[in-house]
>>> print(open('run_20.tsv').read())   # TSV, C-alpha atoms and all ligand atoms
chain	number	residue	atom	x	y	z
A	1	MET	CA	52.01	109.82	26.43
A	2	LYS	CA	51.73	106.77	24.17
A	3	ILE	CA	49.13	104.13	24.98
A	4	VAL	CA	48.71	100.67	23.43
A	5	ILE	CA	45.34	98.96	23.84
A	6	THR	CA	44.41	95.50	22.57
A	7	GLY	CA	40.76	94.62	22.11
A	8	ALA	CA	40.05	98.26	21.29
A	9	SER	CA	37.21	97.58	18.85
A	10	SER	CA	34.58	97.01	21.54
A	11	GLY	CA	33.59	97.36	25.18
A	12	LEU	CA	36.20	98.36	27.75
A	13	GLY	CA	39.08	98.67	25.26
A	14	ARG	CA	37.06	100.97	23.03
A	15	GLU	CA	36.05	103.18	25.96
A	16	LEU	CA	39.64	103.35	27.23
A	17	ALA	CA	40.67	104.49	23.75
A	18	ILE	CA	38.00	107.21	23.79
A	19	GLN	CA	38.97	108.48	27.26
A	20	TYR	CA	42.74	108.38	26.66
A	21	GLY	CA	42.21	109.81	23.16
A	22	ALA	CA	40.31	112.77	24.64
A	23	LYS	CA	43.43	113.60	26.68
A	24	GLY	CA	45.34	113.97	23.41
A	25	PHE	CA	47.56	110.93	23.99
A	26	GLN	CA	49.02	108.98	21.05
A	27	LEU	CA	47.12	105.71	20.72
A	28	CYS	CA	48.00	102.32	19.23
A	29	LEU	CA	44.75	100.35	18.94
A	30	ILE	CA	44.74	96.64	18.13
A	31	ALA	CA	41.85	94.25	17.34
A	32	ARG	CA	40.70	91.92	14.55
A	33	ARG	CA	37.68	93.89	13.24
A	34	GLU	CA	39.04	96.51	10.86
A	35	ASP	CA	35.71	98.33	10.30
A	36	LYS	CA	35.23	98.91	14.04
A	37	LEU	CA	38.81	100.15	14.44
A	38	HIS	CA	38.48	102.61	11.55
A	39	ALA	CA	35.17	103.93	12.85
A	40	LEU	CA	36.85	104.51	16.20
A	41	LYS	CA	39.83	106.23	14.59
A	42	ASN	CA	37.44	108.58	12.77
A	43	GLN	CA	35.79	109.39	16.08
A	44	ILE	CA	39.04	109.94	18.04
A	45	GLY	CA	41.16	111.76	15.45
A	46	SER	CA	44.71	111.92	14.20
A	47	ASN	CA	46.37	110.87	17.47
A	48	CYS	CA	45.24	107.32	16.78
A	49	GLU	CA	47.00	104.49	14.90
A	50	VAL	CA	44.95	101.35	14.31
A	51	TYR	CA	46.39	97.90	13.64
A	52	VAL	CA	44.38	94.88	12.58
A	53	GLY	CA	45.85	92.01	14.56
A	54	ASP	CA	45.08	88.85	16.43
A	55	VAL	CA	46.64	88.62	19.89
A	56	THR	CA	46.87	84.84	19.59
A	57	ASN	CA	49.32	85.29	16.71
A	58	ARG	CA	52.63	86.11	18.35
A	59	ASN	CA	54.40	87.14	15.11
A	60	GLU	CA	51.60	89.50	14.21
A	61	ILE	CA	51.66	91.22	17.62
A	62	GLU	CA	55.45	91.52	17.53
A	63	ARG	CA	55.31	93.01	14.04
A	64	ILE	CA	52.74	95.59	15.18
A	65	ALA	CA	54.80	96.39	18.28
A	66	SER	CA	58.02	96.97	16.34
A	67	GLU	CA	56.18	99.06	13.73
A	68	PHE	CA	54.69	101.26	16.46
A	69	ILE	CA	57.91	101.51	18.48
A	70	SER	CA	60.03	102.41	15.45
A	71	ARG	CA	57.62	105.23	14.64
A	72	TYR	CA	56.74	106.56	18.11
A	73	GLY	CA	59.23	105.01	20.55
A	74	PRO	CA	58.42	102.84	23.58
A	75	PRO	CA	54.87	103.15	24.91
A	76	ASP	CA	54.09	104.62	28.33
A	77	ILE	CA	51.13	102.30	28.94
A	78	VAL	CA	50.28	98.92	27.40
A	79	ILE	CA	46.83	97.57	28.19
A	80	ALA	CA	46.48	93.86	27.36
A	81	ASN	CA	42.70	93.91	27.33
A	82	ALA	CA	41.61	91.62	24.47
A	83	GLY	CA	39.53	88.75	25.75
A	84	ILE	CA	36.69	86.34	25.09
A	85	SER	CA	34.26	84.60	27.38
A	86	LEU	CA	32.45	81.32	26.75
A	87	GLY	CA	30.41	79.05	28.96
A	88	THR	CA	32.24	75.72	29.27
A	89	TYR	CA	31.86	72.53	31.29
A	90	ALA	CA	35.08	71.59	33.07
A	91	ALA	CA	34.33	67.87	32.75
A	92	ALA	CA	33.27	67.77	29.08
A	93	ARG	CA	35.89	66.67	26.54
A	94	GLN	CA	33.76	68.35	23.87
A	95	SER	CA	34.70	71.73	25.33
A	96	ASN	CA	38.43	71.34	24.53
A	97	ASP	CA	38.15	73.57	21.45
A	98	GLU	CA	36.61	76.34	23.49
A	99	LEU	CA	39.16	75.82	26.25
A	100	ASN	CA	41.99	76.25	23.72
A	101	GLU	CA	40.40	79.31	22.18
A	102	VAL	CA	39.87	81.00	25.55
A	103	MET	CA	43.36	80.17	26.86
A	104	LYS	CA	44.98	81.30	23.59
A	105	THR	CA	43.21	84.65	23.70
A	106	ASN	CA	42.98	85.54	27.38
A	107	PHE	CA	46.18	83.93	28.67
A	108	PHE	CA	48.69	83.59	25.83
A	109	GLY	CA	47.36	86.67	23.99
A	110	MET	CA	47.97	88.75	27.10
A	111	ILE	CA	51.48	87.34	27.50
A	112	TYR	CA	52.37	87.91	23.81
A	113	THR	CA	51.16	91.51	24.11
A	114	CYS	CA	53.21	92.26	27.23
A	115	GLN	CA	56.33	90.55	25.89
A	116	ALA	CA	56.18	92.40	22.57
A	117	PHE	CA	56.65	95.74	24.38
A	118	ILE	CA	58.64	94.85	27.53
A	119	ASP	CA	62.18	95.15	26.14
A	120	SER	CA	61.63	98.65	24.78
A	121	MET	CA	60.00	99.78	28.04
A	122	VAL	CA	62.75	98.30	30.21
A	123	LEU	CA	65.33	100.04	28.01
A	124	ALA	CA	63.47	103.30	28.55
A	125	GLY	CA	63.26	102.48	32.28
A	126	SER	CA	59.62	103.53	32.53
A	127	GLY	CA	56.02	102.67	31.70
A	128	THR	CA	53.12	100.53	32.92
A	129	LEU	CA	51.96	97.15	31.68
A	130	VAL	CA	48.29	96.56	32.45
A	131	GLY	CA	46.73	93.10	32.22
A	132	ILE	CA	42.98	92.66	32.37
A	133	SER	CA	42.07	89.64	34.44
A	134	SER	CA	38.70	89.23	36.17
A	135	LEU	CA	37.09	88.57	39.51
A	136	ALA	CA	36.39	85.17	37.93
A	137	GLY	CA	40.14	84.52	38.17
A	138	ILE	CA	40.08	84.59	41.96
A	139	ARG	CA	38.16	81.29	42.44
A	140	GLY	CA	37.15	78.56	39.97
A	141	VAL	CA	33.76	79.51	38.55
A	142	PRO	CA	31.44	76.60	37.63
A	143	GLY	CA	30.25	76.76	34.01
A	144	SER	CA	33.15	79.09	33.13
A	145	SER	CA	36.11	76.81	33.79
A	146	ALA	CA	38.07	77.94	30.71
A	147	TYR	CA	37.48	81.65	31.33
A	148	SER	CA	38.14	81.34	35.03
A	149	SER	CA	41.38	79.37	34.48
A	150	SER	CA	42.62	81.83	31.86
A	151	LYS	CA	42.04	84.76	34.21
A	152	ALA	CA	43.62	82.95	37.19
A	153	GLY	CA	46.63	82.29	34.95
A	154	ALA	CA	46.69	85.97	34.04
A	155	ILE	CA	46.79	86.98	37.72
A	156	SER	CA	49.76	84.68	38.41
A	157	TYR	CA	51.62	85.63	35.24
A	158	LEU	CA	51.23	89.35	35.95
A	159	GLU	CA	52.39	88.88	39.54
A	160	SER	CA	55.54	87.05	38.40
A	161	LEU	CA	56.16	89.80	35.88
A	162	ARG	CA	55.63	92.56	38.46
A	163	VAL	CA	58.24	91.10	40.79
A	164	GLU	CA	60.71	90.40	37.98
A	165	LEU	CA	60.43	94.02	36.80
A	166	LEU	CA	60.59	95.55	40.31
A	167	ASN	CA	63.78	97.52	39.80
A	168	SER	CA	63.40	98.16	36.07
A	169	GLY	CA	61.22	101.26	36.29
A	170	VAL	CA	58.38	99.39	34.54
A	171	ARG	CA	55.24	98.85	36.63
A	172	VAL	CA	52.71	96.06	36.27
A	173	LEU	CA	49.04	96.51	37.11
A	174	THR	CA	46.58	93.61	37.37
A	175	VAL	CA	42.96	94.64	36.89
A	176	CYS	CA	40.09	92.43	38.04
A	177	PRO	CA	36.72	93.82	36.98
A	178	GLY	CA	33.46	92.47	38.33
A	179	TYR	CA	30.66	92.91	35.80
A	180	ILE	CA	30.84	95.65	33.15
A	181	ARG	CA	28.04	96.32	30.66
A	182	THR	CA	29.68	95.45	27.31
A	183	PRO	CA	28.89	93.10	24.40
A	184	MET	CA	30.62	90.37	26.46
A	185	THR	CA	28.01	90.53	29.21
A	186	ASP	CA	25.04	91.46	27.00
A	187	VAL	CA	24.42	87.71	26.51
A	188	ASN	CA	24.08	87.09	30.23
A	189	THR	CA	20.47	86.52	31.20
A	190	PHE	CA	21.08	86.49	34.96
A	191	ASN	CA	21.25	89.38	37.35
A	192	MET	CA	24.80	90.79	37.46
A	193	PRO	CA	25.55	92.30	40.88
A	194	PHE	CA	27.28	95.70	40.99
A	195	LEU	CA	27.17	95.94	37.18
A	196	MET	CA	29.30	98.91	36.05
A	197	ASP	CA	28.75	101.03	32.98
A	198	VAL	CA	31.73	100.95	30.66
A	199	GLU	CA	32.51	104.67	31.11
A	200	SER	CA	32.95	104.29	34.91
A	201	ALA	CA	34.98	101.10	34.43
A	202	ALA	CA	37.43	102.84	32.05
A	203	LYS	CA	37.65	105.84	34.40
A	204	SER	CA	38.35	103.57	37.36
A	205	LEU	CA	41.10	101.73	35.45
A	206	ILE	CA	42.74	104.97	34.31
A	207	GLY	CA	42.65	106.18	37.93
A	208	ALA	CA	44.39	102.98	39.07
A	209	VAL	CA	47.16	103.51	36.50
A	210	ASP	CA	47.56	107.14	37.61
A	211	ARG	CA	47.74	106.12	41.27
A	212	LYS	CA	50.43	103.53	40.38
A	213	LYS	CA	48.43	100.66	41.88
A	214	SER	CA	49.63	97.08	41.36
A	215	PHE	CA	46.27	95.31	41.82
A	216	HIS	CA	42.88	96.84	41.17
A	217	VAL	CA	39.44	95.28	41.61
A	218	MET	CA	36.49	97.32	40.36
A	219	PRO	CA	33.94	98.41	41.43
A	220	TRP	CA	34.86	98.78	45.14
A	221	GLN	CA	31.99	96.49	46.18
A	222	MET	CA	33.57	93.71	44.13
A	223	ALA	CA	36.93	94.40	45.81
A	224	LEU	CA	35.21	93.46	49.06
A	225	VAL	CA	33.66	90.37	47.43
A	226	GLY	CA	37.09	89.39	46.07
A	227	PHE	CA	38.68	89.85	49.51
A	228	ILE	CA	36.10	87.54	51.08
A	229	LEU	CA	36.21	85.02	48.19
A	230	ARG	CA	39.96	84.54	48.59
A	231	ARG	CA	39.50	83.59	52.24
A	232	LEU	CA	36.33	81.46	52.12
A	233	PRO	CA	36.86	77.81	53.03
A	234	ASN	CA	35.99	75.43	50.17
A	235	TRP	CA	32.86	74.04	51.82
A	236	ILE	CA	31.27	77.49	52.06
A	237	TYR	CA	32.50	78.53	48.59
A	238	ASP	CA	31.14	75.30	47.07
A	239	TRP	CA	27.72	75.85	48.64
A	240	PHE	CA	27.41	79.38	47.18
A	241	ALA	CA	29.13	78.73	43.84
A	242	SER	CA	26.99	75.68	43.06
A	243	ARG	CA	23.88	77.87	43.37
A	244	ALA	CA	25.23	80.87	41.42
A	245	PRO	CA	23.86	81.62	37.92
A	246	ARG	CA	26.03	80.43	35.03
A	247	LYS	CA	27.10	81.77	31.64
A	248	PRO	CA	25.05	80.15	28.84
A	249	ILE	CA	26.88	77.14	27.35
A	250	THR	CA	27.54	77.63	23.60
A	251	GLN	CA	25.90	75.32	21.02
A	252	LYS	CA	29.32	73.87	20.15
A	253	ASN	CA	30.15	72.50	23.58
A	254	LYS	CA	26.66	71.54	24.77
A	301	LIG	N1	32.60	92.79	30.62
A	301	LIG	C1	32.85	92.28	31.81
A	301	LIG	O1	31.97	92.17	32.69
A	301	LIG	C2	34.24	91.83	32.16
A	301	LIG	C3	34.49	91.41	33.47
A	301	LIG	C4	35.77	90.99	33.81
A	301	LIG	C5	36.79	91.04	32.89
A	301	LIG	N2	36.51	91.47	31.62
A	301	LIG	C6	37.62	91.47	30.67
A	301	LIG	O2	37.73	92.77	30.09
A	301	LIG	C7	38.30	92.65	28.78
A	301	LIG	C8	37.44	93.40	27.77
A	301	LIG	O3	36.18	92.75	27.69
A	301	LIG	P1	34.86	93.48	27.18
A	301	LIG	O4	33.83	93.26	28.21
A	301	LIG	O5	35.18	94.84	26.74
A	301	LIG	O6	34.49	92.51	25.96
A	301	LIG	P2	34.10	92.82	24.44
A	301	LIG	O7	33.24	94.01	24.32
A	301	LIG	O8	33.62	91.51	23.91
A	301	LIG	O9	35.51	93.18	23.77
A	301	LIG	C9	36.51	92.23	23.62
A	301	LIG	C10	37.59	92.81	22.74
A	301	LIG	O10	38.63	91.85	22.59
A	301	LIG	C11	38.97	91.77	21.22
A	301	LIG	N3	39.50	90.45	20.90
A	301	LIG	C12	38.96	89.23	21.16
A	301	LIG	N4	39.72	88.26	20.69
A	301	LIG	C13	40.80	88.87	20.11
A	301	LIG	C14	41.94	88.39	19.42
A	301	LIG	N5	42.17	87.09	19.24
A	301	LIG	N6	42.82	89.30	18.95
A	301	LIG	C15	42.63	90.62	19.13
A	301	LIG	N7	41.56	91.13	19.76
A	301	LIG	C16	40.66	90.26	20.25
A	301	LIG	C17	37.68	92.07	20.47
A	301	LIG	O11	37.96	92.62	19.20
A	301	LIG	P3	37.84	91.87	17.79
A	301	LIG	O12	36.72	90.88	17.89
A	301	LIG	O13	37.61	92.98	16.82
A	301	LIG	O14	39.18	91.23	17.62
A	301	LIG	C18	37.09	93.16	21.35
A	301	LIG	O15	37.61	94.41	20.98
A	301	LIG	C19	38.39	91.14	28.49
A	301	LIG	O16	39.69	90.68	28.77
A	301	LIG	C20	37.42	90.55	29.49
A	301	LIG	O17	37.71	89.21	29.80
A	301	LIG	C21	35.27	91.87	31.23
>>> encode(input="run_20.tsv", output="structure tokens")
Amino acid sequence: MKIVITGASSGLGRELAIQYGAKGFQLCLIARREDKLHALKNQIGSNCEVYVGDVTNRNEIERIASEFISRYGPPDIVIANAGISLGTYAAARQSNDELNEVMKTNFFGMIYTCQAFIDSMVLAGSGTLVGISSLAGIRGVPGSSAYSSSKAGAISYLESLRVELLNSGVRVLTVCPGYIRTPMTDVNTFNMPFLMDVESAAKSLIGAVDRKKSFHVMPWQMALVGFILRRLPNWIYDWFASRAPRKPITQKNK
């Protein structure tokens, strides 16, 4: 099996690389921080190719994809995992830079990653494209408007893709994690309900791929929360969401 993972230098992507690497699968790991990627390659072993790349740069991702495909053939699993999270005010014009950065990484970066590999997978008539969204993509989260919008966009994009690829042999899996303990959430000072350790999160995601799921919320308690959130009338959602703790706003967009 050949597995591509973006955002493999840290957190969930790194742990997925470790767990898939331990199964002896051929890995293609992509991120911007070269030192972290090389340290990971040393830990995993020879079944691991690392590529320094920025998912917001379409040409770069396409170059990496064609390099990997020409050497190893079409991947069996592509996990578009790279992402960033910033606290942003929806109303503040000052947060436009952050909004662009988050959308470019979480939304367009995910699309560029999927598109770079789709043709080869469709030609092979097999494989799974996995996009990492978030529970925050299910409803608009105050204080995280950019993140929440990017993840909502990811859910819709992946759904369109899944239906378009229905008879191609290529599956699409949308993953919506709740909270996972990674560098992304280490900055959060509030209590994170049903916080998962990164090992269980990676295991749960791998299980969802193996079971050929199309939509996976983890952990199961958050699946229940997501189910309820989708159905809550606005007036109840607004009451709860306005009292929920918020991601710290960065210095830049304060
Ligand atoms: N942690 C959570 O609670 C949580 C919850 C829901 C969803 N998620 C999602 O899960 C995914 C992984 O997050 P995480 O918690 O593991 O965060 P993390 O530890 O901060 O890791 C993020 C990864 O994305 C990479 N990345 C960021 N921008 C990139 C870019 N432009 N090009 C290439 N790689 C880039 C980073 O690598 P470099 O900096 O080296 O490029 C890093 O490897 C994200 O999509 C996140 O939104 C996380």
>>> closest_residue(input="run_20.tsv", among="A:Val4, A:Leu16, A:Met121, A:Gly11", to="Ala202 of chain A", atoms="all atoms listed in the file")
A:Leu16
>>> atom_distance(input="run_20.tsv", atom1="atom CA of Glu98 of chain A", atom2="atom CA of Val175 of chain A")
23.6 Å
>>> residues_around(input="run_20.tsv", residues="Val217 of chain A", least_positions_apart="5", cutoff="12 Å", atoms="all atoms listed in the file", output="JSON, numbers by chain")
{"A": [132, 133, 134, 135, 136, 137, 138, 155, 173, 174, 175, 176, 177, 178, 179, 201, 204, 205, 207, 208, 222, 223, 224, 225, 226, 227]}
>>> residues_near_ligand(input="run_20.tsv", ligand="ligand LIG 301 (chain A)", cutoff="7 Å", atoms="all atoms listed in the file", output="ChimeraX atom specification")
/A:6-14,30-33,36,53-56,81-85,105-106,132-135,176-185
>>> residues_around(input="run_20.tsv", residues="Gly21 of chain A", least_positions_apart="4", cutoff="12 Å", atoms="only C-alpha atoms", output="PyMOL selection string")
chain A and resi 1-5+8+13-17+25-29+40-49
>>> closest_residue(input="run_20.tsv", among="A:Leu195, A:Leu86, A:Val209, A:Ala116", to="Ser150 of chain A", atoms="all atoms listed in the file")
A:Leu86
>>> atom_distance(input="run_20.tsv", atom1="atom CA of Glu199 of chain A", atom2="atom CA of Ala22 of chain A")
13.0 Å
>>> closest_residue(input="run_20.tsv", among="A:Gln115, A:Ser95, A:Ser214, A:Ser242", to="Arg171 of chain A", atoms="all atoms listed in the file")
A:Ser214
>>> atom_distance(input="run_20.tsv", atom1="atom CA of Ile228 of chain A", atom2="atom CA of Tyr147 of chain A")
20.7 Å
>>> residues_near_point(input="run_20.tsv", point="(53.7, 104.7, 30.3)", cutoff="6 Å", atoms="only C-alpha atoms", output="PyMOL selection string")
chain A and resi 75-77+127-128
>>> closest_residue(input="run_20.tsv", among="A:Pro245, A:Val198, A:Val170, A:Lys23", to="Lys212 of chain A", atoms="only C-alpha atoms")
A:Val170
>>> closest_residue(input="run_20.tsv", among="A:Val172, A:Ile118, A:Ala244, A:Ile64", to="Tyr51 of chain A", atoms="all atoms listed in the file")
A:Ile64
>>> axis_aligned_box(input="run_20.tsv", around="segment 228-233 of chain A", padding_each_side="5 Å", output="lines of an AutoDock Vina configuration file")
center_x = 38.0
center_y = 82.7
center_z = 50.6
size_x = 13.9
size_y = 19.7
size_z = 14.8
>>> closest_residue(input="run_20.tsv", among="A:Arg58, A:Arg211, A:Arg243, A:His38", to="Val141 of chain A", atoms="all atoms listed in the file")
A:Arg243
>>> build_atoms(input="run_20.tsv", residues="segment 207-235 of chain A", atoms="N, CA and C atoms", output="short mmCIF file (atom, residue, chain, number, x, y, z; two decimals), in the frame of the given file")
data_model
loop_
_atom_site.label_atom_id
_atom_site.label_comp_id
_atom_site.auth_asym_id
_atom_site.auth_seq_id
_atom_site.Cartn_x
_atom_site.Cartn_y
_atom_site.Cartn_z
N GLY A 207 42.30 105.68 36.60
CA GLY A 207 42.65 106.18 37.93
C GLY A 207 43.66 105.26 38.61
N ALA A 208 43.47 103.95 38.45
CA ALA A 208 44.39 102.98 39.07
C ALA A 208 45.78 103.10 38.47
N VAL A 209 45.86 103.32 37.15
CA VAL A 209 47.16 103.51 36.50
C VAL A 209 47.81 104.79 37.06
N ASP A 210 47.02 105.86 37.13
CA ASP A 210 47.56 107.14 37.61
C ASP A 210 48.06 107.04 39.05
N ARG A 211 47.35 106.24 39.86
CA ARG A 211 47.74 106.12 41.27
C ARG A 211 48.85 105.08 41.47
N LYS A 212 49.33 104.52 40.36
CA LYS A 212 50.43 103.53 40.38
C LYS A 212 50.09 102.31 41.22
N LYS A 213 48.84 101.86 41.14
CA LYS A 213 48.43 100.66 41.88
C LYS A 213 49.04 99.42 41.22
N SER A 214 49.15 98.32 41.96
CA SER A 214 49.63 97.08 41.36
C SER A 214 48.50 96.07 41.18
N PHE A 215 47.40 96.24 41.92
CA PHE A 215 46.27 95.31 41.82
C PHE A 215 45.01 96.12 42.03
N HIS A 216 44.07 95.99 41.08
CA HIS A 216 42.88 96.84 41.17
C HIS A 216 41.63 96.02 40.86
N VAL A 217 40.74 95.93 41.84
CA VAL A 217 39.44 95.28 41.61
C VAL A 217 38.40 96.39 41.50
N MET A 218 37.52 96.28 40.50
CA MET A 218 36.49 97.32 40.36
C MET A 218 35.13 96.68 40.05
N PRO A 219 34.02 97.25 40.55
CA PRO A 219 33.94 98.41 41.43
C PRO A 219 34.36 98.03 42.86
N TRP A 220 34.34 99.02 43.79
CA TRP A 220 34.86 98.78 45.14
C TRP A 220 34.08 97.67 45.85
N GLN A 221 32.78 97.54 45.53
CA GLN A 221 31.99 96.49 46.18
C GLN A 221 32.54 95.11 45.82
N MET A 222 33.00 94.98 44.56
CA MET A 222 33.57 93.71 44.13
C MET A 222 34.96 93.47 44.74
N ALA A 223 35.64 94.55 45.12
CA ALA A 223 36.93 94.40 45.81
C ALA A 223 36.68 93.70 47.14
N LEU A 224 35.59 94.08 47.78
CA LEU A 224 35.21 93.46 49.06
C LEU A 224 34.83 91.99 48.84
N VAL A 225 34.06 91.75 47.77
CA VAL A 225 33.66 90.37 47.43
C VAL A 225 34.92 89.53 47.16
N GLY A 226 35.86 90.10 46.40
CA GLY A 226 37.09 89.39 46.07
C GLY A 226 37.90 89.07 47.32
N PHE A 227 37.95 90.03 48.24
CA PHE A 227 38.68 89.85 49.51
C PHE A 227 38.09 88.67 50.28
N ILE A 228 36.77 88.62 50.34
CA ILE A 228 36.10 87.54 51.08
C ILE A 228 36.28 86.20 50.34
N LEU A 229 36.10 86.24 48.99
CA LEU A 229 36.21 85.02 48.19
C LEU A 229 37.55 84.31 48.39
N ARG A 230 38.62 85.11 48.42
CA ARG A 230 39.96 84.54 48.59
C ARG A 230 40.10 83.77 49.89
N ARG A 231 39.32 84.18 50.91
CA ARG A 231 39.50 83.59 52.24
C ARG A 231 38.46 82.53 52.60
N LEU A 232 37.41 82.40 51.78
CA LEU A 232 36.33 81.46 52.12
C LEU A 232 36.84 80.02 52.09
N PRO A 233 36.52 79.24 53.12
CA PRO A 233 36.86 77.81 53.03
C PRO A 233 36.07 77.14 51.90
N ASN A 234 36.63 76.07 51.34
CA ASN A 234 35.99 75.43 50.17
C ASN A 234 34.54 75.05 50.42
N TRP A 235 34.23 74.53 51.63
CA TRP A 235 32.86 74.04 51.82
C TRP A 235 31.83 75.17 51.75
#
